[in-house]
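Have a look at protein.cif below; it lists mmCIF, C-alpha atoms.
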```
data_structure
loop_
_atom_site.group_PDB
_atom_site.id
_atom_site.type_symbol
_atom_site.label_atom_id
_atom_site.label_comp_id
_atom_site.auth_asym_id
_atom_site.auth_seq_id
_atom_site.Cartn_x
_atom_site.Cartn_y
_atom_site.Cartn_z
ATOM 1 C CA GLN A 1 0.407 3.392 5.884
ATOM 2 C CA VAL A 2 -0.559 1.867 2.572
ATOM 3 C CA GLN A 3 -0.190 -1.860 2.078
ATOM 4 C CA LEU A 4 -0.696 -3.745 -1.174
ATOM 5 C CA VAL A 5 -0.726 -7.526 -1.031
ATOM 6 C CA GLU A 6 -0.743 -9.553 -4.231
ATOM 7 C CA SER A 7 -1.860 -13.150 -4.540
ATOM 8 C CA GLY A 8 -2.783 -15.647 -7.234
ATOM 9 C CA GLY A 9 0.507 -16.253 -8.949
ATOM 10 C CA GLY A 10 1.815 -19.689 -9.763
ATOM 11 C CA LEU A 11 2.898 -22.131 -12.426
ATOM 12 C CA VAL A 12 0.671 -22.620 -15.453
ATOM 13 C CA GLN A 13 1.052 -24.235 -18.851
ATOM 14 C CA ALA A 14 1.079 -22.176 -22.002
ATOM 15 C CA GLY A 15 -2.455 -21.347 -23.042
ATOM 16 C CA GLY A 16 -3.682 -21.411 -19.477
ATOM 17 C CA SER A 17 -5.152 -18.731 -17.245
ATOM 18 C CA LEU A 18 -4.496 -17.128 -13.877
ATOM 19 C CA ARG A 19 -6.164 -14.390 -11.890
ATOM 20 C CA LEU A 20 -4.035 -12.127 -9.762
ATOM 21 C CA SER A 21 -5.506 -10.173 -6.869
ATOM 22 C CA CYS A 22 -4.158 -7.173 -5.004
ATOM 23 C CA ALA A 23 -5.732 -6.188 -1.703
ATOM 24 C CA ALA A 24 -5.137 -2.610 -0.625
ATOM 25 C CA SER A 25 -5.324 -0.944 2.748
ATOM 26 C CA GLY A 26 -4.218 2.246 4.390
ATOM 27 C CA ARG A 27 -5.825 5.023 2.363
ATOM 28 C CA THR A 28 -9.051 5.600 0.489
ATOM 29 C CA PHE A 29 -8.864 3.016 -2.278
ATOM 30 C CA THR A 30 -11.739 4.403 -4.308
ATOM 31 C CA ILE A 31 -9.986 7.619 -5.369
ATOM 32 C CA TYR A 32 -6.734 6.149 -6.698
ATOM 33 C CA ASP A 33 -5.928 4.596 -10.037
ATOM 34 C CA MET A 34 -4.272 1.192 -9.812
ATOM 35 C CA GLY A 35 -1.729 -0.457 -12.042
ATOM 36 C CA TRP A 36 -0.062 -3.784 -12.698
ATOM 37 C CA PHE A 37 3.581 -4.029 -13.698
ATOM 38 C CA ARG A 38 5.850 -7.007 -14.267
ATOM 39 C CA GLN A 39 9.541 -7.764 -14.263
ATOM 40 C CA ALA A 40 11.126 -10.740 -15.954
ATOM 41 C CA ILE A 41 14.589 -11.983 -15.057
ATOM 42 C CA GLY A 42 17.216 -9.805 -16.673
ATOM 43 C CA LYS A 43 14.703 -7.206 -17.838
ATOM 44 C CA GLU A 44 13.455 -3.897 -16.568
ATOM 45 C CA ARG A 45 10.089 -3.645 -14.925
ATOM 46 C CA GLU A 46 7.368 -2.830 -17.442
ATOM 47 C CA PHE A 47 3.833 -1.510 -17.345
ATOM 48 C CA VAL A 48 1.110 -4.081 -17.974
ATOM 49 C CA ALA A 49 -2.287 -2.527 -17.258
ATOM 50 C CA ALA A 50 -3.995 0.270 -15.357
ATOM 51 C CA ILE A 51 -7.507 1.051 -14.219
ATOM 52 C CA SER A 52 -8.989 4.353 -13.188
ATOM 53 C CA TRP A 53 -10.238 5.063 -9.684
ATOM 54 C CA SER A 54 -13.832 4.690 -10.881
ATOM 55 C CA GLY A 55 -13.140 1.581 -12.917
ATOM 56 C CA GLY A 56 -14.429 3.326 -16.004
ATOM 57 C CA SER A 57 -11.136 3.512 -17.860
ATOM 58 C CA THR A 58 -8.492 0.895 -18.517
ATOM 59 C CA PHE A 59 -5.280 0.763 -20.494
ATOM 60 C CA TYR A 60 -3.037 -2.111 -21.532
ATOM 61 C CA VAL A 61 0.375 -2.629 -23.002
ATOM 62 C CA ASP A 62 0.018 -3.923 -26.554
ATOM 63 C CA SER A 63 1.487 -7.335 -25.753
ATOM 64 C CA VAL A 64 -1.390 -8.242 -23.398
ATOM 65 C CA LYS A 65 -4.342 -6.602 -25.145
ATOM 66 C CA GLY A 66 -7.125 -9.082 -25.719
ATOM 67 C CA ARG A 67 -5.593 -11.554 -23.253
ATOM 68 C CA PHE A 68 -5.484 -9.711 -19.925
ATOM 69 C CA THR A 69 -8.285 -7.865 -18.164
ATOM 70 C CA ILE A 70 -7.835 -5.490 -15.262
ATOM 71 C CA SER A 71 -10.763 -4.840 -12.951
ATOM 72 C CA ARG A 72 -11.446 -3.583 -9.457
ATOM 73 C CA ASP A 73 -13.947 -4.068 -6.682
ATOM 74 C CA ASN A 74 -14.027 -0.870 -4.679
ATOM 75 C CA ALA A 75 -16.191 -2.463 -2.022
ATOM 76 C CA LYS A 76 -13.397 -4.962 -1.363
ATOM 77 C CA ASN A 77 -10.465 -2.583 -1.924
ATOM 78 C CA THR A 78 -9.110 -5.062 -4.427
ATOM 79 C CA VAL A 79 -7.798 -4.896 -7.971
ATOM 80 C CA TYR A 80 -7.565 -7.924 -10.225
ATOM 81 C CA LEU A 81 -5.649 -8.993 -13.288
ATOM 82 C CA GLN A 82 -7.302 -11.808 -15.210
ATOM 83 C CA MET A 83 -4.727 -13.371 -17.512
ATOM 84 C CA SER A 84 -5.598 -15.822 -20.259
ATOM 85 C CA SER A 85 -3.835 -17.378 -23.251
ATOM 86 C CA LEU A 86 -0.637 -17.148 -21.268
ATOM 87 C CA ASN A 87 2.656 -17.774 -22.988
ATOM 88 C CA PRO A 88 6.214 -18.205 -21.681
ATOM 89 C CA GLU A 89 6.958 -14.543 -22.437
ATOM 90 C CA ASP A 90 4.469 -13.629 -19.688
ATOM 91 C CA THR A 91 6.723 -15.238 -17.069
ATOM 92 C CA ALA A 92 7.645 -12.554 -14.551
ATOM 93 C CA VAL A 93 7.095 -11.209 -11.078
ATOM 94 C CA TYR A 94 3.880 -9.202 -11.182
ATOM 95 C CA TYR A 95 3.451 -6.128 -9.003
ATOM 96 C CA CYS A 96 0.409 -4.040 -8.265
ATOM 97 C CA ALA A 97 0.865 -0.370 -7.565
ATOM 98 C CA GLN A 98 -1.202 2.617 -6.500
ATOM 99 C CA ASP A 99 -1.095 6.020 -8.177
ATOM 100 C CA ARG A 100 0.433 8.809 -6.129
ATOM 101 C CA ARG A 101 -2.238 11.276 -7.208
ATOM 102 C CA ALA A 102 -5.884 11.001 -6.230
ATOM 103 C CA LEU A 103 -8.584 11.290 -8.883
ATOM 104 C CA ARG A 104 -6.053 11.461 -11.705
ATOM 105 C CA MET A 105 -7.318 11.774 -15.235
ATOM 106 C CA PRO A 106 -6.257 10.301 -17.580
ATOM 107 C CA LEU A 107 -4.452 7.105 -16.526
ATOM 108 C CA THR A 108 -0.678 7.053 -16.317
ATOM 109 C CA ILE A 109 1.671 4.231 -17.249
ATOM 110 C CA LEU A 110 4.745 5.832 -15.676
ATOM 111 C CA GLU A 111 6.310 3.889 -12.816
ATOM 112 C CA SER A 112 7.381 7.112 -11.167
ATOM 113 C CA GLU A 113 3.736 8.127 -10.774
ATOM 114 C CA TYR A 114 2.939 5.110 -8.602
ATOM 115 C CA ASP A 115 4.097 5.546 -5.031
ATOM 116 C CA TYR A 116 3.014 2.344 -3.313
ATOM 117 C CA TRP A 117 3.900 -1.151 -4.482
ATOM 118 C CA GLY A 118 3.118 -4.688 -3.461
ATOM 119 C CA GLN A 119 5.756 -7.310 -2.799
ATOM 120 C CA GLY A 120 5.119 -9.066 -6.098
ATOM 121 C CA THR A 121 3.802 -12.478 -7.076
ATOM 122 C CA GLN A 122 5.598 -14.890 -9.392
ATOM 123 C CA VAL A 123 3.893 -16.067 -12.559
ATOM 124 C CA THR A 124 5.634 -18.847 -14.453
ATOM 125 C CA VAL A 125 4.319 -20.108 -17.786
ATOM 126 C CA SER A 126 5.746 -23.370 -19.035
ATOM 127 C CA SER A 127 5.885 -24.254 -22.716
#
```

In structure tokens, write the structure found in this file.
Amino acid sequence: QVQLVESGGGLVQAGGSLRLSCAASGRTFTIYDMGWFRQAIGKEREFVAAISWSGGSTFYVDSVKGRFTISRDNAKNTVYLQMSSLNPEDTAVYYCAQDRRALRMPLTILESEYDYWGQGTQVTVSS
């Protein structure tokens, strides 16, 4: 049974930084791509970033490019999202998710291709 547990959310002022973590358990972490999604109040959940199973490939939504960095530590079964230059539009619940297909190439940004999800962590950016 796969479990994904996010942590690191909180309240930060505009221009600040946060690092989200997602600890995974339950199946071989090192062969699955991982993604981060977010959902703001009144909006649909959207893709934020993804990283390949090897860590060699990453992809970002345009709105976070240059500000967010996704990374993973396969020895710790953990994926991270380093967020900097935060602005109020980044306020949302952030979810990590695991790809349903092992060793996928290339990365996918489709929600339907991620079969396990964390409970979410709230990020609030004040102006």

Counting only C-alpha atoms, the residue of A:Met34, A:Gly120, A:Ala40, A:Ala23 that sits nearest Asp90 (chain A): A:Ala40

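The residues returned by the PyMOL selection byres ((chain A and resi 43) around 12) for this structure are Arg38, Gln39, Ala40, Ile41, Gly42, Glu44, Arg45, Glu46, Glu89, Thr91, Ala92 and Val93 of chain A.
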
Of the listed residues A:Val79, A:Leu4, A:Val12, A:Val48, that which approaches Thr124 (chain A) most closely, counting only C-alpha atoms: A:Val12

Applied to this file, what does the PyMOL selection byres ((chain A and resi 7) around 8) return in terms of residues, put as a PDB file with C-alpha atoms, in the frame of the given file?
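Generated output (selection-v6.pdb):
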```pdb
ATOM      1  CA  VAL A   5      -0.726  -7.526  -1.031  1.00  0.00           C
ATOM      2  CA  GLU A   6      -0.743  -9.553  -4.231  1.00  0.00           C
ATOM      3  CA  GLY A   8      -2.783 -15.647  -7.234  1.00  0.00           C
ATOM      4  CA  GLY A   9       0.507 -16.253  -8.949  1.00  0.00           C
ATOM      5  CA  LEU A  20      -4.035 -12.127  -9.762  1.00  0.00           C
ATOM      6  CA  SER A  21      -5.506 -10.173  -6.869  1.00  0.00           C
ATOM      7  CA  CYS A  22      -4.158  -7.173  -5.004  1.00  0.00           C
ATOM      8  CA  THR A 121       3.802 -12.478  -7.076  1.00  0.00           C
TER       9      THR A 121
END
```

One-decimal distance in Å that lies between CA of Tyr116 (chain A) and CA of Val64 (chain A):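 These two atoms are separated by 23.1 Å.
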
Output of the PyMOL selection byres ((chain A and resi 109) around 12), listed as number ranges by chain: A: 33-37, 45-52, 58-61, 97-99, 104-108, 110-114

Distance criterion (all atoms listed in the file): nearest to Leu86 (chain A) out of A:Arg100, A:Ser127, A:Asp62, A:Gln3: A:Ser127

Straight-line distance linking CA of Gly15 (chain A) with CA of Gly66 (chain A), stated in Å to one decimal: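 Separation between CA of Gly15 (chain A) and CA of Gly66 (chain A): 13.4 Å.
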
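As for CA of Thr69 (chain A) and CA of Leu81 (chain A), they are spaced 5.7 Å apart.
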
Distance query Ser85 (chain A) at most 10 Å, all atoms listed in the file, self and fewer than 6 positions along chain excluded, as a list in words: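 That gives Gln13, Ala14, Gly15, Gly16, Ser17, Leu18, Val64, Gly66, Arg67 and Phe68 of chain A.
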
Pick from A:Ser54, A:Gln1, A:Asn77, A:Tyr94, whichever lies nearest to Ala24 (chain A) using only C-alpha atoms: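 Looking at the shortest contact to Ala24 (chain A), the residue is A:Asn77.
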
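With all atoms listed in the file as the atoms that count, the residue of A:Tyr95, A:Trp117, A:Gln82, A:Leu11 with the shortest distance to Ser25 (chain A) is A:Trp117.
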